[in-house]
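Chemist: One file: start32.txt (compact mmCIF, C-alpha atoms and all ligand atoms).
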```txt
# COMPACT_ATOMS: atom_id res chain seq x y z
CA MET W 18 88.06 122.90 92.40
CA LYS W 19 89.31 124.86 95.41
CA ILE W 20 91.25 122.89 97.98
CA LYS W 21 92.78 123.27 101.40
CA ALA W 22 94.99 120.37 102.51
CA THR W 23 96.12 120.04 106.12
CA VAL W 24 98.70 117.42 107.09
CA LEU W 25 97.33 115.41 110.04
CA CYS W 26 99.94 112.64 110.18
CA GLU W 27 103.58 112.78 109.19
CA ASN W 28 106.96 111.82 110.60
CA CYS W 29 107.77 115.30 112.01
CA VAL W 30 106.07 118.04 113.97
CA TYR W 31 107.39 121.58 113.88
CA SER W 32 106.03 124.42 115.96
CA ASN W 33 102.65 122.88 116.75
CA LEU W 34 102.11 122.29 120.46
CA GLY W 35 100.06 119.22 121.29
CA ALA W 36 100.44 117.63 117.85
CA LEU W 37 102.04 114.19 117.55
CA ALA W 38 104.46 112.82 114.96
CA GLU W 39 104.53 109.21 113.78
CA HIS W 40 105.92 107.34 110.79
CA GLY W 41 102.82 107.79 108.65
CA TRP W 42 100.86 110.02 106.31
CA SER W 43 97.38 111.51 106.39
CA ILE W 44 95.82 114.63 104.90
CA PHE W 45 92.54 116.34 105.75
CA LEU W 46 91.05 117.86 102.60
CA GLU W 47 88.55 120.70 102.57
CA THR W 48 87.14 121.29 99.08
CA ASP W 49 84.09 122.90 97.52
CA GLN W 50 82.84 119.33 97.03
CA GLY W 51 83.04 118.56 100.75
CA ASN W 52 85.70 117.20 103.07
CA PHE W 53 87.77 114.05 102.56
CA LEU W 54 90.47 112.16 104.42
CA PHE W 55 93.42 110.91 102.36
CA ASP W 56 95.23 108.10 104.22
CA THR W 57 95.03 107.65 107.97
CA GLY W 58 98.59 107.41 109.33
CA GLN W 59 99.57 104.38 111.43
CA GLY W 60 96.90 105.02 114.06
CA LEU W 61 98.69 106.77 116.92
CA ALA W 62 98.29 110.41 115.94
CA LEU W 63 95.16 110.82 113.80
CA LEU W 64 92.48 111.54 116.40
CA ASN W 65 94.78 113.66 118.55
CA ASN W 66 95.95 115.78 115.61
CA ALA W 67 92.46 116.18 114.15
CA ARG W 68 91.50 117.65 117.54
CA VAL W 69 94.57 119.90 117.67
CA PHE W 70 93.92 121.31 114.18
CA LYS W 71 90.13 121.42 114.70
CA LYS W 72 89.32 119.12 111.77
CA ASP W 73 86.03 117.31 112.16
CA LEU W 74 86.56 113.76 110.89
CA ALA W 75 82.81 113.14 111.18
CA SER W 76 82.33 115.61 108.31
CA VAL W 77 84.24 113.60 105.69
CA ARG W 78 82.39 112.39 102.60
CA GLY W 79 84.94 109.69 101.93
CA ILE W 80 88.22 108.17 103.05
CA LEU W 81 90.76 107.67 100.27
CA LEU W 82 93.59 105.17 100.71
CA SER W 83 96.79 105.46 98.67
CA HIS W 84 97.92 101.86 99.30
CA HIS W 85 97.78 99.02 101.80
CA HIS W 86 100.82 99.81 103.99
CA ILE W 87 100.18 100.12 107.73
CA ASP W 88 101.59 103.65 107.96
CA HIS W 89 98.72 104.79 105.67
CA THR W 90 95.94 102.44 106.81
CA GLY W 91 96.64 101.86 110.52
CA GLY W 92 94.44 104.81 111.53
CA LEU W 93 91.44 103.59 109.56
CA ARG W 94 89.72 102.01 112.55
CA SER W 95 90.09 105.17 114.64
CA ALA W 96 88.80 107.24 111.72
CA LEU W 97 85.75 104.98 111.41
CA SER W 98 85.05 105.33 115.13
CA VAL W 99 84.30 108.99 114.36
CA THR W 100 82.89 108.89 110.82
CA GLN W 101 80.66 105.83 111.34
CA LYS W 102 79.32 104.76 107.92
CA VAL W 103 81.52 106.14 105.15
CA ASN W 104 82.77 105.27 101.67
CA VAL W 105 86.37 104.04 101.71
CA TYR W 106 88.08 104.23 98.31
CA ALA W 107 90.99 101.84 97.74
CA HIS W 108 92.60 99.38 95.36
CA PRO W 109 91.31 95.80 95.75
CA ASP W 110 94.81 94.67 96.85
CA LEU W 111 94.19 96.55 100.12
CA PHE W 112 94.16 93.35 102.19
CA LYS W 113 97.21 91.65 100.70
CA GLU W 114 99.90 90.45 103.10
CA SER W 115 103.20 92.19 102.65
CA TYR W 116 106.49 92.46 104.48
CA LEU W 117 109.59 94.60 104.87
CA THR W 118 112.91 92.77 104.79
CA ARG W 119 115.03 95.82 105.68
CA GLY W 120 116.53 95.59 109.18
CA PRO W 121 117.32 92.58 111.33
CA LYS W 122 113.84 91.02 111.17
CA THR W 123 111.23 90.62 108.45
CA LYS W 124 108.22 92.71 109.50
CA TYR W 125 104.57 92.57 108.46
CA ILE W 126 103.64 95.96 106.96
CA GLY W 127 100.15 95.37 105.53
CA ILE W 128 96.85 96.77 106.76
CA PRO W 129 96.38 95.62 110.37
CA PHE W 130 92.61 94.97 110.11
CA SER W 131 90.39 92.49 108.33
CA ARG W 132 87.80 93.58 105.81
CA ILE W 133 84.97 92.22 107.92
CA GLU W 134 86.19 94.10 110.99
CA LEU W 135 86.30 97.40 109.08
CA GLU W 136 82.91 96.83 107.45
CA SER W 137 81.40 96.15 110.87
CA GLN W 138 82.77 99.58 111.91
CA GLY W 139 81.04 101.32 108.98
CA ALA W 140 83.49 101.10 106.07
CA ASN W 141 81.75 100.86 102.70
CA PHE W 142 84.55 99.80 100.36
CA MET W 143 84.62 101.28 96.87
CA PHE W 144 87.43 99.48 95.06
CA ASN W 145 89.09 100.81 91.91
CA THR W 146 91.96 99.70 89.72
CA GLU W 147 91.52 102.39 87.08
CA PHE W 148 91.53 106.19 87.07
CA LYS W 149 88.41 107.16 89.01
CA GLU W 150 86.54 110.40 89.59
CA ILE W 151 85.71 110.78 93.29
CA ALA W 152 84.01 114.19 92.91
CA PRO W 153 84.02 116.64 89.99
CA GLY W 154 87.67 117.63 89.41
CA MET W 155 89.05 115.11 91.91
CA TYR W 156 90.50 111.75 90.84
CA LEU W 157 92.27 108.69 92.18
CA THR W 158 94.85 107.44 89.70
CA GLY W 159 94.20 103.72 90.15
CA GLU W 160 97.10 101.60 88.89
CA VAL W 161 99.77 103.81 87.36
CA PRO W 162 101.46 102.55 84.18
CA ARG W 163 105.18 102.00 84.81
CA LYS W 164 106.92 103.73 81.94
CA THR W 165 110.29 104.94 83.21
CA ASP W 166 113.11 102.42 83.22
CA PHE W 167 114.79 103.78 86.36
CA GLU W 168 111.88 103.78 88.83
CA ILE W 169 112.30 100.22 90.03
CA GLY W 170 111.05 100.92 93.53
CA ASP W 171 111.89 99.51 96.93
CA LEU W 172 113.41 96.02 96.74
CA ASP W 173 112.90 95.41 100.47
CA GLN W 174 109.09 95.54 100.24
CA VAL W 175 108.03 91.99 99.50
CA ILE W 176 105.13 89.56 99.31
CA LYS W 177 105.13 85.80 99.79
CA SER W 178 105.13 83.54 96.76
CA GLY W 179 105.13 79.92 97.90
CA ASP W 180 108.05 79.61 100.32
CA GLU W 181 109.85 82.64 98.94
CA PHE W 182 109.63 86.37 99.21
CA ILE W 183 109.40 88.30 95.96
CA LYS W 184 109.33 92.05 95.37
CA ASP W 185 105.88 93.54 95.94
CA PRO W 186 104.89 95.06 92.57
CA MET W 187 102.76 97.59 94.51
CA ARG W 188 100.08 97.70 91.86
CA ASP W 189 97.83 99.22 94.51
CA ASP W 190 99.81 102.45 94.85
CA GLN W 191 97.61 105.36 93.81
CA SER W 192 97.69 109.13 94.20
CA LEU W 193 95.03 111.82 94.34
CA ILE W 194 94.84 114.39 91.55
CA ILE W 195 92.82 117.56 91.93
CA LYS W 196 92.21 120.01 89.11
CA THR W 197 92.45 123.59 90.38
CA GLU W 198 92.47 126.96 88.63
CA LYS W 199 96.25 127.09 89.14
CA GLY W 200 96.91 123.63 87.70
CA LEU W 201 97.06 120.14 89.15
CA PHE W 202 97.31 119.54 92.88
CA VAL W 203 98.85 116.10 93.38
CA ILE W 204 98.75 114.29 96.71
CA LEU W 205 101.09 111.32 96.79
CA GLY W 206 100.91 108.42 99.21
CA CYS W 207 104.40 106.89 99.02
CA SER W 208 104.97 107.07 95.24
CA HIS W 209 105.66 103.35 95.05
CA ALA W 210 104.61 103.56 91.37
CA GLY W 211 107.41 106.10 90.83
CA ILE W 212 106.89 109.85 91.18
CA ILE W 213 107.69 110.48 87.50
CA ASN W 214 105.27 107.78 86.33
CA ILE W 215 102.59 109.30 88.60
CA LEU W 216 103.02 112.89 87.39
CA ASP W 217 103.15 111.80 83.75
CA TYR W 218 99.94 109.82 84.18
CA ALA W 219 98.21 112.68 86.02
CA ARG W 220 98.92 115.01 83.09
CA GLU W 221 97.92 112.43 80.52
CA MET W 222 94.60 111.58 82.16
CA THR W 223 93.51 115.14 83.01
CA GLY W 224 94.84 116.91 79.91
CA GLU W 225 96.27 119.59 82.23
CA THR W 226 100.00 120.18 81.91
CA ARG W 227 100.47 122.77 84.67
CA ILE W 228 101.35 121.26 88.03
CA HIS W 229 100.68 123.68 90.85
CA ALA W 230 101.56 121.56 93.88
CA VAL W 231 102.90 118.12 94.69
CA ILE W 232 102.86 116.97 98.30
CA GLY W 233 103.51 113.67 100.06
CA GLY W 234 105.89 110.76 100.18
CA THR W 235 108.26 110.37 97.25
CA HIS W 236 109.97 107.16 98.41
CA LEU W 237 113.24 108.65 97.19
CA GLY W 238 114.72 107.82 100.61
CA PRO W 239 114.92 104.01 100.45
CA VAL W 240 115.82 103.64 96.75
CA SER W 241 119.28 103.51 95.20
CA GLN W 242 121.34 106.67 94.83
CA GLU W 243 121.19 106.20 91.06
CA GLN W 244 117.38 106.01 91.00
CA ARG W 245 117.13 108.99 93.33
CA GLU W 246 119.30 111.22 91.14
CA LYS W 247 117.53 110.19 87.93
CA SER W 248 114.14 110.87 89.52
CA ILE W 249 115.23 114.28 90.81
CA MET W 250 116.55 115.27 87.38
CA ALA W 251 113.35 114.07 85.68
CA LEU W 252 111.27 115.92 88.29
CA LYS W 253 112.98 119.18 87.34
CA ALA W 254 111.58 118.86 83.84
CA PHE W 255 108.04 119.27 85.23
CA ASP W 256 107.06 122.82 85.86
CA ILE W 257 106.10 122.31 89.52
CA GLU W 258 105.29 125.52 91.39
CA ARG W 259 105.35 124.04 94.90
CA LEU W 260 106.97 120.81 96.01
CA GLY W 261 106.21 119.75 99.58
CA VAL W 262 107.79 116.40 100.24
CA SER W 263 107.86 114.40 103.41
CA HIS W 264 107.40 110.96 104.98
CA CYS W 265 109.41 108.36 102.97
CA THR W 266 111.56 111.02 101.30
CA GLY W 267 114.07 111.17 104.14
CA LEU W 268 116.61 113.87 104.88
CA PRO W 269 119.28 113.35 102.19
CA ALA W 270 116.71 113.27 99.34
CA SER W 271 114.84 116.24 100.84
CA LEU W 272 118.07 118.24 100.95
CA ARG W 273 118.79 117.41 97.32
CA LEU W 274 115.27 118.48 96.34
CA ALA W 275 115.62 121.68 98.35
CA GLN W 276 118.87 122.45 96.47
CA GLU W 277 117.22 121.87 93.10
CA PHE W 278 113.80 123.44 93.74
CA LYS W 279 114.97 126.28 95.99
CA GLU W 280 112.06 128.51 97.13
CA ARG W 281 109.53 126.19 95.48
CA PHE W 282 110.50 123.45 97.98
CA PHE W 283 109.01 123.12 101.46
CA PHE W 284 108.77 120.48 104.18
CA CYS W 285 105.29 119.09 104.39
CA ASN W 286 105.03 117.92 107.98
CA VAL W 287 102.27 117.75 110.60
CA GLY W 288 100.18 120.93 110.56
CA THR W 289 101.37 122.16 107.14
CA VAL W 290 98.50 123.72 105.18
CA VAL W 291 98.60 123.94 101.38
CA GLU W 292 95.85 125.74 99.49
CA ALA W 293 94.99 126.18 95.84
FE FE F 301 104.51 105.22 103.73
FE FE F 302 104.25 102.62 101.50
```
As a first step, turn the structure in this file into structure tokens.
Ligand SMILES: [Fe+2]
Ligand SMILES: [Fe+2]
Modeler:
Amino acid sequence: MKIKATVLCENCVYSNLGALAEHGWSIFLETDQGNFLFDTGQGLALLNNARVFKKDLASVRGILLSHHHIDHTGGLRSALSVTQKVNVYAHPDLFKESYLTRGPKTKYIGIPFSRIELESQGANFMFNTEFKEIAPGMYLTGEVPRKTDFEIGDLDQVIKSGDEFIKDPMRDDQSLIIKTEKGLFVILGCSHAGIINILDYAREMTGETRIHAVIGGTHLGPVSQEQREKSIMALKAFDIERLGVSHCTGLPASLRLAQEFKERFFFCNVGTVVEA
């Protein structure tokens, strides 16, 4: 499959007049199987940036959601206002309630809409828990097996269990894998399943060992220094040609990745285009 990915929502804008930054993540995908939207940002920037980069949201064949967090799902209602009736691919935990305990106050960070509200706006939910083909050569990972012992994730992301908060296992975290002539093109949401687990699973399920490009949130920002270093070292063992991180990677982890990956590293912020 041929693919052109344009970042519509991300935390930074560089050299693009009129574009807006927000804490969020969204990619417009143009492929030979049609156009798709992967994630929707938090809802402040999507429509503006689609206009700025001349991406017609009405043309998308499907909206793919990496997980339930508001910074990936908050733009869904605005997207539906343009697409009207459209398939929305997501894990069935999309509507779970979850919270962030980092900072002075516990904050709600789940999807800010009800299922009924979204369906009334045209969303046709297609839920998956397993590896799923969306179009020939294009797959959502579904739940990613957790194999590494160091990718324990973000301890501040929690769900309620009775009167207590417990760590959100983030079973719903999934990534998009596209088979291209140059190897796999992997689009991460926030890598809550662990970037190493995700890349391992992508290779296992597609039978393709070459990884051409990896873009998206690595969540190496909010995890422990120990986990970050182990992940970066394990990442070096994959033969990744282009690594474009952003969003929940944060500056210190991005700098470390830039040191290790040198010219293969790039910032993947609003307006970045990656083709394969
Ligand atoms: Fe995120
Ligand atoms: Fe997230």
Chemist: Rank nothing, just name the residue among W:Ile195, W:Val105, W:Cys207, W:Ile183 nearest to ligand FE 302 (chain F), using only C-alpha atoms and all ligand atoms.
Modeler: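 Result for the nearest residue to ligand FE 302 (chain F): W:Cys207.
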Chemist: Could the residues of chain W that have an atom at most 12 Å from ligand FE 302 (chain F) be listed as a Markdown table, each with its closest atom pair and the distance in Å to one decimal, counting only C-alpha atoms and all ligand atoms and ordered by chain and ascending residue number?
Modeler:
```
| residue | atom | partner | partner_atom | distance |
| --- | --- | --- | --- | --- |
| W:His40 | CA | F:FE302 | FE | 10.6 |
| W:Gly41 | CA | F:FE302 | FE | 8.9 |
| W:Trp42 | CA | F:FE302 | FE | 9.5 |
| W:Asp56 | CA | F:FE302 | FE | 10.9 |
| W:Gly58 | CA | F:FE302 | FE | 10.8 |
| W:Gln59 | CA | F:FE302 | FE | 11.1 |
| W:Leu82 | CA | F:FE302 | FE | 11.0 |
| W:Ser83 | CA | F:FE302 | FE | 8.5 |
| W:His84 | CA | F:FE302 | FE | 6.7 |
| W:His85 | CA | F:FE302 | FE | 7.4 |
| W:His86 | CA | F:FE302 | FE | 5.1 |
| W:Ile87 | CA | F:FE302 | FE | 7.9 |
| W:Asp88 | CA | F:FE302 | FE | 7.1 |
| W:His89 | CA | F:FE302 | FE | 7.3 |
| W:Thr90 | CA | F:FE302 | FE | 9.9 |
| W:Gly91 | CA | F:FE302 | FE | 11.8 |
| W:Leu111 | CA | F:FE302 | FE | 11.8 |
| W:Ser115 | CA | F:FE302 | FE | 10.5 |
| W:Tyr116 | CA | F:FE302 | FE | 10.8 |
| W:Leu117 | CA | F:FE302 | FE | 10.2 |
| W:Ile126 | CA | F:FE302 | FE | 8.6 |
| W:Gly127 | CA | F:FE302 | FE | 9.3 |
| W:Ile128 | CA | F:FE302 | FE | 10.8 |
| W:Gly170 | CA | F:FE302 | FE | 10.6 |
| W:Asp171 | CA | F:FE302 | FE | 9.4 |
| W:Asp173 | CA | F:FE302 | FE | 11.3 |
| W:Gln174 | CA | F:FE302 | FE | 8.7 |
| W:Val175 | CA | F:FE302 | FE | 11.5 |
| W:Asp185 | CA | F:FE302 | FE | 10.8 |
| W:Pro186 | CA | F:FE302 | FE | 11.7 |
| W:Met187 | CA | F:FE302 | FE | 8.7 |
| W:Arg188 | CA | F:FE302 | FE | 11.6 |
| W:Asp189 | CA | F:FE302 | FE | 10.1 |
| W:Asp190 | CA | F:FE302 | FE | 8.0 |
| W:Gln191 | CA | F:FE302 | FE | 10.5 |
| W:Ser192 | CA | F:FE302 | FE | 11.8 |
| W:Leu205 | CA | F:FE302 | FE | 10.4 |
| W:Gly206 | CA | F:FE302 | FE | 7.1 |
| W:Cys207 | CA | F:FE302 | FE | 4.9 |
| W:Ser208 | CA | F:FE302 | FE | 7.7 |
| W:His209 | CA | F:FE302 | FE | 6.6 |
| W:Ala210 | CA | F:FE302 | FE | 10.2 |
| W:Gly211 | CA | F:FE302 | FE | 11.7 |
| W:Gly233 | CA | F:FE302 | FE | 11.2 |
| W:Gly234 | CA | F:FE302 | FE | 8.4 |
| W:Thr235 | CA | F:FE302 | FE | 9.7 |
| W:His236 | CA | F:FE302 | FE | 7.9 |
| W:Leu237 | CA | F:FE302 | FE | 11.7 |
| W:Gly238 | CA | F:FE302 | FE | 11.7 |
| W:Pro239 | CA | F:FE302 | FE | 10.8 |
| W:His264 | CA | F:FE302 | FE | 9.6 |
| W:Cys265 | CA | F:FE302 | FE | 7.9 |
| W:Thr266 | CA | F:FE302 | FE | 11.1 |
```
Chemist: Mind writing the picked residues with C-alpha atoms as an mmCIF file, in the coordinates of the input?
Modeler:
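Generated output (out_33.cif):
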```
data_model
loop_
_atom_site.group_PDB
_atom_site.id
_atom_site.type_symbol
_atom_site.label_atom_id
_atom_site.label_comp_id
_atom_site.auth_asym_id
_atom_site.auth_seq_id
_atom_site.Cartn_x
_atom_site.Cartn_y
_atom_site.Cartn_z
ATOM 1 C CA HIS W 40 105.920 107.340 110.790
ATOM 2 C CA GLY W 41 102.820 107.790 108.650
ATOM 3 C CA TRP W 42 100.860 110.020 106.310
ATOM 4 C CA ASP W 56 95.230 108.100 104.220
ATOM 5 C CA GLY W 58 98.590 107.410 109.330
ATOM 6 C CA GLN W 59 99.570 104.380 111.430
ATOM 7 C CA LEU W 82 93.590 105.170 100.710
ATOM 8 C CA SER W 83 96.790 105.460 98.670
ATOM 9 C CA HIS W 84 97.920 101.860 99.300
ATOM 10 C CA HIS W 85 97.780 99.020 101.800
ATOM 11 C CA HIS W 86 100.820 99.810 103.990
ATOM 12 C CA ILE W 87 100.180 100.120 107.730
ATOM 13 C CA ASP W 88 101.590 103.650 107.960
ATOM 14 C CA HIS W 89 98.720 104.790 105.670
ATOM 15 C CA THR W 90 95.940 102.440 106.810
ATOM 16 C CA GLY W 91 96.640 101.860 110.520
ATOM 17 C CA LEU W 111 94.190 96.550 100.120
ATOM 18 C CA SER W 115 103.200 92.190 102.650
ATOM 19 C CA TYR W 116 106.490 92.460 104.480
ATOM 20 C CA LEU W 117 109.590 94.600 104.870
ATOM 21 C CA ILE W 126 103.640 95.960 106.960
ATOM 22 C CA GLY W 127 100.150 95.370 105.530
ATOM 23 C CA ILE W 128 96.850 96.770 106.760
ATOM 24 C CA GLY W 170 111.050 100.920 93.530
ATOM 25 C CA ASP W 171 111.890 99.510 96.930
ATOM 26 C CA ASP W 173 112.900 95.410 100.470
ATOM 27 C CA GLN W 174 109.090 95.540 100.240
ATOM 28 C CA VAL W 175 108.030 91.990 99.500
ATOM 29 C CA ASP W 185 105.880 93.540 95.940
ATOM 30 C CA PRO W 186 104.890 95.060 92.570
ATOM 31 C CA MET W 187 102.760 97.590 94.510
ATOM 32 C CA ARG W 188 100.080 97.700 91.860
ATOM 33 C CA ASP W 189 97.830 99.220 94.510
ATOM 34 C CA ASP W 190 99.810 102.450 94.850
ATOM 35 C CA GLN W 191 97.610 105.360 93.810
ATOM 36 C CA SER W 192 97.690 109.130 94.200
ATOM 37 C CA LEU W 205 101.090 111.320 96.790
ATOM 38 C CA GLY W 206 100.910 108.420 99.210
ATOM 39 C CA CYS W 207 104.400 106.890 99.020
ATOM 40 C CA SER W 208 104.970 107.070 95.240
ATOM 41 C CA HIS W 209 105.660 103.350 95.050
ATOM 42 C CA ALA W 210 104.610 103.560 91.370
ATOM 43 C CA GLY W 211 107.410 106.100 90.830
ATOM 44 C CA GLY W 233 103.510 113.670 100.060
ATOM 45 C CA GLY W 234 105.890 110.760 100.180
ATOM 46 C CA THR W 235 108.260 110.370 97.250
ATOM 47 C CA HIS W 236 109.970 107.160 98.410
ATOM 48 C CA LEU W 237 113.240 108.650 97.190
ATOM 49 C CA GLY W 238 114.720 107.820 100.610
ATOM 50 C CA PRO W 239 114.920 104.010 100.450
ATOM 51 C CA HIS W 264 107.400 110.960 104.980
ATOM 52 C CA CYS W 265 109.410 108.360 102.970
ATOM 53 C CA THR W 266 111.560 111.020 101.300
#
```
Chemist: Which residue, W:Glu243, W:Glu114, W:Glu147, W:Glu39, has the smallest gap to Ser131 (chain W) when you use all atoms listed in the file?
Modeler: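 When distances to Ser131 (chain W) are compared using all atoms listed in the file, the smallest one comes from W:Glu114.
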Chemist: Could you name the residues that touch Glu246 (chain W) at 10 Å or less, counting only C-alpha atoms, but leaving out those on the same chain fewer than 3 positions away, as a list in words?
Modeler: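 The neighbour list is Phe167, Leu237, Ser241, Gln242, Glu243, Ile249, Met250, Ala251, Leu252, Ala270, Arg273 and Leu274 of chain W.
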Chemist: With only C-alpha atoms and all ligand atoms as the atoms that count, which of W:Pro121, W:Glu168, W:Ser263, W:Phe182 lies nearest to ligand FE 301 (chain F)?
Modeler: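 Selected residue with least distance to ligand FE 301 (chain F): W:Ser263.
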Chemist: Using all atoms listed in the file, find the one residue out of W:Gln101, W:Thr118, W:Ser43, W:Ser178 that sits nearest to Asn141 (chain W).
Modeler: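 Going through W:Gln101, W:Thr118, W:Ser43, W:Ser178 one by one, the smallest distance to Asn141 (chain W) is for W:Gln101.
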Chemist: Looking at all atoms listed in the file, which of W:Val161, W:Glu292, W:Val262, W:Lys177 is the one that sits closest to Leu216 (chain W)?
Modeler: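 Closest residue, counting all atoms listed in the file: W:Val161.
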Chemist: For the atom pair CA of Lys71 (chain W) and CA of Ile228 (chain W), what is the interatomic distance in Å to one decimal place?
Modeler: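 One can read the CA of Lys71 (chain W) to CA of Ile228 (chain W) distance as 28.9 Å.
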